[in-house]
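Asks: Have a look at the structure that comes next, please.
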Amino acid sequence: DEITPEDLLTLTHTETQTVNPPTGACYQLVRTYTVTDQCGFSTTFTHKINVVDDVAPSIGSGYATTVEATVRNCAYTYPDLREIIREHSTDNCTATDDLIITQSPAQGAPITQTDEAQTLPVTVTVKDACGNTSTKNIDVTVPAALTVSLEPENETCAGNDGKINYTIAGGTAGYTVVLSGGSANQTATGTNTFTGLEAGTYTVTVTDGNNCVATATATITIEQITPTLTITAQSQT
C-alpha cells in the first residue's frame with residue numbers, strides 16, 4: 001500500500017473569538033492549526049477571520065400582537081414580552097438564545113388606570129452580537145378604573161321601602177357587590193337594586209375580578225308628605 005503524507009501527519013485546530021476585533025469587524029475568529037508528524041515534531045500556523053455582519057435579526061409573525069396587562073391585587077404592570085418575540089426571532093450570525101432582547105416600557109413597570117380603557121404600545125428590540133437591531137410593537141390592554149355610582153329612593157311612611165340603585169363601570173367582570181350601613185348588610189344577588197331599606201346612610205362596596213375595590217355612599221330619608229285638609233261648608237236652614 002502506498003503511504004501518503006496524511007497517514008504520517010496529524011492535524012488539529014482550535015478556535016477562539018477575540019474580545020476586541022479590528023475596526024470594521026463585528027468580531028474576529030482566530031483559528032490555530034497544529035500539524036504533528038509520527039516523531040512528535042509539530043508546527044503551527046494561525047488563520048484570522050474578520051467577521052462583518054450588517055444584517056439585522058429577523059422577527060417572524062404568528063405571535064400575539066395584543067396582550068393584557070399583568071395584574072396582582074389591582075396593581076397593573078407591563079408584562080414581560082421578551083420571550084414572546086425571542087421565539088419568533090432568528091439571526092444569521094447569533095444564536096436565538098444569545099440574542100439580546102429588551103422592551104420599553106420595561107417589564108414590571110407600573111401602569112396607572114384611568115377612567116377609560118387603555119391600549120398601550122410596547123416596543124420590543126432584538127439585538128444581535130454585532131449590534132444590529134430589529135423592533136416590533138405589541139399592544140398592552142388595561143381596563144378602565146372600577147367605579148360605582150348610586151341613586152337612592154327615599155323611604156315612605158309605609159316604612160322599609162327605600163331603595164338604592166347602583167351602576168358599575170370599568171374594572172373586570174366577576175363583581176361582588178355588598179351593601180352595608182343603615183339597617184342592612186346585604187350582598188347583591190343579580191339585580192342592580194337594594195330594596196327594603198329604612199332611612200339611614202349606606203355604603204356600597206364593589207370588588208371586581210382583579211380585587212380592585214370601589215365604594216360609594218348614599219343617604220335615604222323618610223319622604224315627607226304634606227297632608228291636605230279639605231273643609232266643606234254646609235248650609236243650615
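Naming scheme: A, B, ... for chains in displayed order of the C-alpha cells; residues 1 onward per chain; ligands 1 onward as shown.
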When you look at range 11-21 of chain A with a cut-off of 7 Å (counting only C-alpha atoms), what residues show up, excluding the ones that are within fewer than 3 positions of it in the same chain? I need them as a VMD selection string.
Replies: chain A and resid 25 to 36
Asks: Could the residues in this selection be saved with N, CA, C and O atoms as a PDB file, in the first residue's frame?
Replies:
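Contents of part22.pdb, freshly written:
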```
ATOM      1  N   ALA A  25     -14.867  45.265  11.889  1.00  0.00           N
ATOM      2  CA  ALA A  25     -15.314  43.874  12.039  1.00  0.00           C
ATOM      3  C   ALA A  25     -16.221  43.749  13.248  1.00  0.00           C
ATOM      4  O   ALA A  25     -16.063  44.450  14.257  1.00  0.00           O
ATOM      5  N   CYS A  26     -17.187  42.869  13.125  1.00  0.00           N
ATOM      6  CA  CYS A  26     -18.066  42.585  14.254  1.00  0.00           C
ATOM      7  C   CYS A  26     -17.303  41.798  15.312  1.00  0.00           C
ATOM      8  O   CYS A  26     -17.361  42.104  16.495  1.00  0.00           O
ATOM      9  N   TYR A  27     -16.627  40.783  14.866  1.00  0.00           N
ATOM     10  CA  TYR A  27     -15.730  40.026  15.739  1.00  0.00           C
ATOM     11  C   TYR A  27     -14.709  39.299  14.871  1.00  0.00           C
ATOM     12  O   TYR A  27     -14.832  39.262  13.640  1.00  0.00           O
ATOM     13  N   GLN A  28     -13.674  38.751  15.512  1.00  0.00           N
ATOM     14  CA  GLN A  28     -12.615  38.062  14.773  1.00  0.00           C
ATOM     15  C   GLN A  28     -12.455  36.649  15.296  1.00  0.00           C
ATOM     16  O   GLN A  28     -12.358  36.426  16.502  1.00  0.00           O
ATOM     17  N   LEU A  29     -12.474  35.695  14.391  1.00  0.00           N
ATOM     18  CA  LEU A  29     -12.197  34.304  14.734  1.00  0.00           C
ATOM     19  C   LEU A  29     -10.714  34.026  14.517  1.00  0.00           C
ATOM     20  O   LEU A  29     -10.156  34.362  13.462  1.00  0.00           O
ATOM     21  N   VAL A  30     -10.063  33.441  15.513  1.00  0.00           N
ATOM     22  CA  VAL A  30      -8.660  33.076  15.401  1.00  0.00           C
ATOM     23  C   VAL A  30      -8.576  31.550  15.444  1.00  0.00           C
ATOM     24  O   VAL A  30      -8.887  30.930  16.463  1.00  0.00           O
ATOM     25  N   ARG A  31      -8.189  30.964  14.344  1.00  0.00           N
ATOM     26  CA  ARG A  31      -8.060  29.514  14.244  1.00  0.00           C
ATOM     27  C   ARG A  31      -6.573  29.143  14.207  1.00  0.00           C
ATOM     28  O   ARG A  31      -5.832  29.620  13.357  1.00  0.00           O
ATOM     29  N   THR A  32      -6.179  28.311  15.131  1.00  0.00           N
ATOM     30  CA  THR A  32      -4.786  27.870  15.214  1.00  0.00           C
ATOM     31  C   THR A  32      -4.716  26.394  14.833  1.00  0.00           C
ATOM     32  O   THR A  32      -5.369  25.550  15.455  1.00  0.00           O
ATOM     33  N   TYR A  33      -3.929  26.098  13.799  1.00  0.00           N
ATOM     34  CA  TYR A  33      -3.789  24.726  13.295  1.00  0.00           C
ATOM     35  C   TYR A  33      -2.418  24.172  13.726  1.00  0.00           C
ATOM     36  O   TYR A  33      -1.403  24.871  13.672  1.00  0.00           O
ATOM     37  N   THR A  34      -2.410  22.920  14.127  1.00  0.00           N
ATOM     38  CA  THR A  34      -1.170  22.252  14.520  1.00  0.00           C
ATOM     39  C   THR A  34      -1.017  20.959  13.719  1.00  0.00           C
ATOM     40  O   THR A  34      -1.937  20.127  13.697  1.00  0.00           O
ATOM     41  N   VAL A  35       0.141  20.813  13.074  1.00  0.00           N
ATOM     42  CA  VAL A  35       0.447  19.599  12.300  1.00  0.00           C
ATOM     43  C   VAL A  35       1.578  18.862  13.029  1.00  0.00           C
ATOM     44  O   VAL A  35       2.631  19.454  13.311  1.00  0.00           O
ATOM     45  N   THR A  36       1.359  17.579  13.338  1.00  0.00           N
ATOM     46  CA  THR A  36       2.334  16.779  14.083  1.00  0.00           C
ATOM     47  C   THR A  36       2.661  15.523  13.291  1.00  0.00           C
ATOM     48  O   THR A  36       1.761  14.846  12.783  1.00  0.00           O
TER      49      THR A  36
END
```
Asks: Need to verify the contact set: Asn192 in chain A, 10 Å, only C-alpha atoms, exclusion of same-chain residues closer than 3 positions in sequence. Can you return it as a list in words?
Replies: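 Using only C-alpha atoms, the neighbours found are Leu150, Ile164, Asn165, Tyr166, Thr167, Ile168, Val177, Ala188, Thr189 and Thr195 of chain A.
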Asks: Take the residues that were just selected and, keeping C-alpha atoms, output them as a compact mmCIF listing (two decimals), in the first residue's frame.
Replies:
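Printed below is part-v9.txt as written:
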```txt
# COMPACT_ATOMS: atom_id res chain seq x y z
CA LEU A 150 -75.63 55.26 43.42
CA ILE A 164 -80.57 52.11 46.29
CA ASN A 165 -79.89 51.59 42.60
CA TYR A 166 -76.23 51.16 41.66
CA THR A 167 -74.33 51.30 38.38
CA ILE A 168 -70.87 49.72 37.89
CA VAL A 177 -71.42 43.98 45.48
CA ALA A 188 -76.30 41.66 45.68
CA THR A 189 -77.79 38.60 44.01
CA THR A 195 -84.60 47.18 48.34
```
Asks: What does the distance between CA of Gly182 in chain A and CA of Thr147 in chain A come to in Å, to one decimal place?
Replies: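 Computing it gives 21.9 Å between the two atoms.
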Asks: Which residues are near Thr123 in chain A? Cut-off 12 Å, only C-alpha atoms, ignore same chain within fewer than 4 positions. Put them as a list in words.
Replies: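 Using only C-alpha atoms, the neighbours found are Thr65, Tyr78, Asp80, Leu81, Arg82, Ile85, Ile101, Thr102, Gln103, Ser104, Pro105, Ala106, Gln107, Ser134, Thr135, Lys136, Asn137, Ile138, Asp139 and Val140 of chain A.
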Asks: Would you mind exporting all heavy atoms of the selected residues as a short mmCIF file (atom, residue, chain, number, x, y, z; two decimals), in the first residue's frame?
Replies:
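Here's the written file part_31.cif:
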```
data_model
loop_
_atom_site.label_atom_id
_atom_site.label_comp_id
_atom_site.auth_asym_id
_atom_site.auth_seq_id
_atom_site.Cartn_x
_atom_site.Cartn_y
_atom_site.Cartn_z
N THR A 65 -50.15 40.02 19.05
CA THR A 65 -49.81 41.44 18.92
C THR A 65 -50.53 42.29 19.96
O THR A 65 -50.25 43.49 20.08
CB THR A 65 -50.18 41.94 17.51
OG1 THR A 65 -51.57 41.69 17.27
CG2 THR A 65 -49.34 41.23 16.46
N TYR A 78 -46.63 46.32 33.27
CA TYR A 78 -46.35 45.83 31.92
C TYR A 78 -45.85 44.39 31.98
O TYR A 78 -44.96 44.07 32.78
CB TYR A 78 -45.29 46.70 31.24
CG TYR A 78 -45.81 48.04 30.78
CD1 TYR A 78 -45.69 49.16 31.60
CD2 TYR A 78 -46.43 48.17 29.54
CE1 TYR A 78 -46.18 50.39 31.18
CE2 TYR A 78 -46.91 49.40 29.11
CZ TYR A 78 -46.79 50.50 29.95
OH TYR A 78 -47.27 51.72 29.53
N ASP A 80 -43.93 40.83 30.70
CA ASP A 80 -42.66 40.52 30.05
C ASP A 80 -42.95 39.96 28.67
O ASP A 80 -43.47 38.85 28.53
CB ASP A 80 -41.87 39.52 30.89
CG ASP A 80 -40.43 39.38 30.41
OD1 ASP A 80 -40.16 39.72 29.24
OD2 ASP A 80 -39.59 38.91 31.20
N LEU A 81 -42.63 40.73 27.65
CA LEU A 81 -42.92 40.35 26.26
C LEU A 81 -41.69 39.83 25.52
O LEU A 81 -41.78 39.48 24.34
CB LEU A 81 -43.50 41.56 25.51
CG LEU A 81 -44.72 42.23 26.17
CD1 LEU A 81 -45.11 43.47 25.39
CD2 LEU A 81 -45.89 41.26 26.25
N ARG A 82 -40.56 39.78 26.19
CA ARG A 82 -39.30 39.45 25.51
C ARG A 82 -39.29 38.03 24.95
O ARG A 82 -38.85 37.81 23.81
CB ARG A 82 -38.14 39.66 26.47
CG ARG A 82 -37.96 41.11 26.90
CD ARG A 82 -36.89 41.24 27.96
NE ARG A 82 -37.25 40.50 29.17
CZ ARG A 82 -36.43 40.31 30.20
NH1 ARG A 82 -35.20 40.81 30.15
NH2 ARG A 82 -36.82 39.63 31.26
N ILE A 85 -41.23 37.46 21.69
CA ILE A 85 -40.50 37.84 20.49
C ILE A 85 -39.33 36.91 20.23
O ILE A 85 -39.03 36.56 19.07
CB ILE A 85 -40.03 39.30 20.60
CG1 ILE A 85 -41.24 40.25 20.62
CG2 ILE A 85 -39.10 39.66 19.45
CD1 ILE A 85 -42.10 40.19 19.37
N ILE A 101 -32.58 40.90 24.04
CA ILE A 101 -33.93 41.42 23.80
C ILE A 101 -34.34 42.30 24.96
O ILE A 101 -34.26 41.90 26.13
CB ILE A 101 -34.92 40.26 23.60
CG1 ILE A 101 -34.47 39.38 22.43
CG2 ILE A 101 -36.33 40.80 23.34
CD1 ILE A 101 -35.39 38.22 22.12
N THR A 102 -34.78 43.50 24.63
CA THR A 102 -35.25 44.45 25.64
C THR A 102 -36.61 45.00 25.23
O THR A 102 -37.02 44.86 24.06
CB THR A 102 -34.26 45.62 25.79
OG1 THR A 102 -34.10 46.27 24.51
CG2 THR A 102 -32.91 45.13 26.29
N GLN A 103 -37.30 45.61 26.18
CA GLN A 103 -38.59 46.21 25.85
C GLN A 103 -38.72 47.55 26.56
O GLN A 103 -38.12 47.78 27.62
CB GLN A 103 -39.75 45.30 26.26
CG GLN A 103 -39.91 45.11 27.77
CD GLN A 103 -41.11 44.24 28.09
OE1 GLN A 103 -41.10 43.04 27.84
NE2 GLN A 103 -42.15 44.84 28.67
N SER A 104 -39.50 48.43 25.94
CA SER A 104 -39.77 49.75 26.52
C SER A 104 -41.24 50.10 26.31
O SER A 104 -41.71 50.10 25.17
CB SER A 104 -38.89 50.81 25.85
OG SER A 104 -39.14 52.08 26.37
N PRO A 105 -41.96 50.39 27.43
CA PRO A 105 -41.56 50.36 28.83
C PRO A 105 -41.12 48.96 29.28
O PRO A 105 -41.54 47.96 28.70
CB PRO A 105 -42.82 50.80 29.58
CG PRO A 105 -43.61 51.57 28.57
CD PRO A 105 -43.35 50.87 27.27
N ALA A 106 -40.29 48.93 30.31
CA ALA A 106 -39.71 47.68 30.77
C ALA A 106 -40.75 46.81 31.44
O ALA A 106 -41.77 47.29 31.96
CB ALA A 106 -38.57 47.96 31.75
N GLN A 107 -40.50 45.49 31.43
CA GLN A 107 -41.38 44.56 32.12
C GLN A 107 -41.42 44.89 33.60
O GLN A 107 -40.42 45.20 34.22
CB GLN A 107 -40.89 43.12 31.91
CG GLN A 107 -39.50 42.82 32.43
CD GLN A 107 -38.39 43.27 31.50
OE1 GLN A 107 -38.62 43.92 30.50
NE2 GLN A 107 -37.16 42.89 31.84
N SER A 134 -33.55 44.96 15.40
CA SER A 134 -34.89 44.98 14.79
C SER A 134 -35.88 45.23 15.92
O SER A 134 -35.63 44.88 17.08
CB SER A 134 -35.21 43.66 14.09
OG SER A 134 -34.36 43.45 12.99
N THR A 135 -37.03 45.82 15.60
CA THR A 135 -38.03 46.11 16.62
C THR A 135 -39.42 45.68 16.17
O THR A 135 -39.71 45.62 14.97
CB THR A 135 -38.08 47.61 16.96
OG1 THR A 135 -38.44 48.35 15.78
CG2 THR A 135 -36.74 48.10 17.47
N LYS A 136 -40.25 45.38 17.15
CA LYS A 136 -41.66 45.10 16.92
C LYS A 136 -42.45 45.75 18.06
O LYS A 136 -41.95 45.89 19.18
CB LYS A 136 -41.93 43.60 16.89
CG LYS A 136 -41.43 42.88 15.65
CD LYS A 136 -42.21 43.28 14.41
CE LYS A 136 -41.77 42.48 13.19
NZ LYS A 136 -42.52 42.85 11.97
N ASN A 137 -43.68 46.12 17.77
CA ASN A 137 -44.58 46.67 18.80
C ASN A 137 -45.65 45.66 19.17
O ASN A 137 -46.19 44.97 18.30
CB ASN A 137 -45.25 47.95 18.31
CG ASN A 137 -44.30 49.13 18.29
OD1 ASN A 137 -43.28 49.13 18.98
ND2 ASN A 137 -44.62 50.15 17.50
N ILE A 138 -45.93 45.59 20.47
CA ILE A 138 -47.03 44.78 20.98
C ILE A 138 -47.88 45.70 21.86
O ILE A 138 -47.35 46.45 22.68
CB ILE A 138 -46.52 43.58 21.80
CG1 ILE A 138 -45.75 42.62 20.90
CG2 ILE A 138 -47.68 42.85 22.47
CD1 ILE A 138 -45.19 41.40 21.62
N ASP A 139 -49.20 45.64 21.69
CA ASP A 139 -50.10 46.47 22.47
C ASP A 139 -50.50 45.77 23.77
O ASP A 139 -50.79 44.57 23.77
CB ASP A 139 -51.37 46.80 21.68
CG ASP A 139 -51.09 47.77 20.54
OD1 ASP A 139 -50.15 48.58 20.67
OD2 ASP A 139 -51.81 47.71 19.52
N VAL A 140 -50.52 46.53 24.84
CA VAL A 140 -50.93 46.03 26.15
C VAL A 140 -52.25 46.72 26.53
O VAL A 140 -52.34 47.95 26.50
CB VAL A 140 -49.86 46.31 27.22
CG1 VAL A 140 -50.37 45.95 28.62
CG2 VAL A 140 -48.59 45.54 26.91
#
```
Asks: What gap, in Å, lies between CA of Gln118 in chain A and CA of Thr203 in chain A?
Replies: 28.9 Å
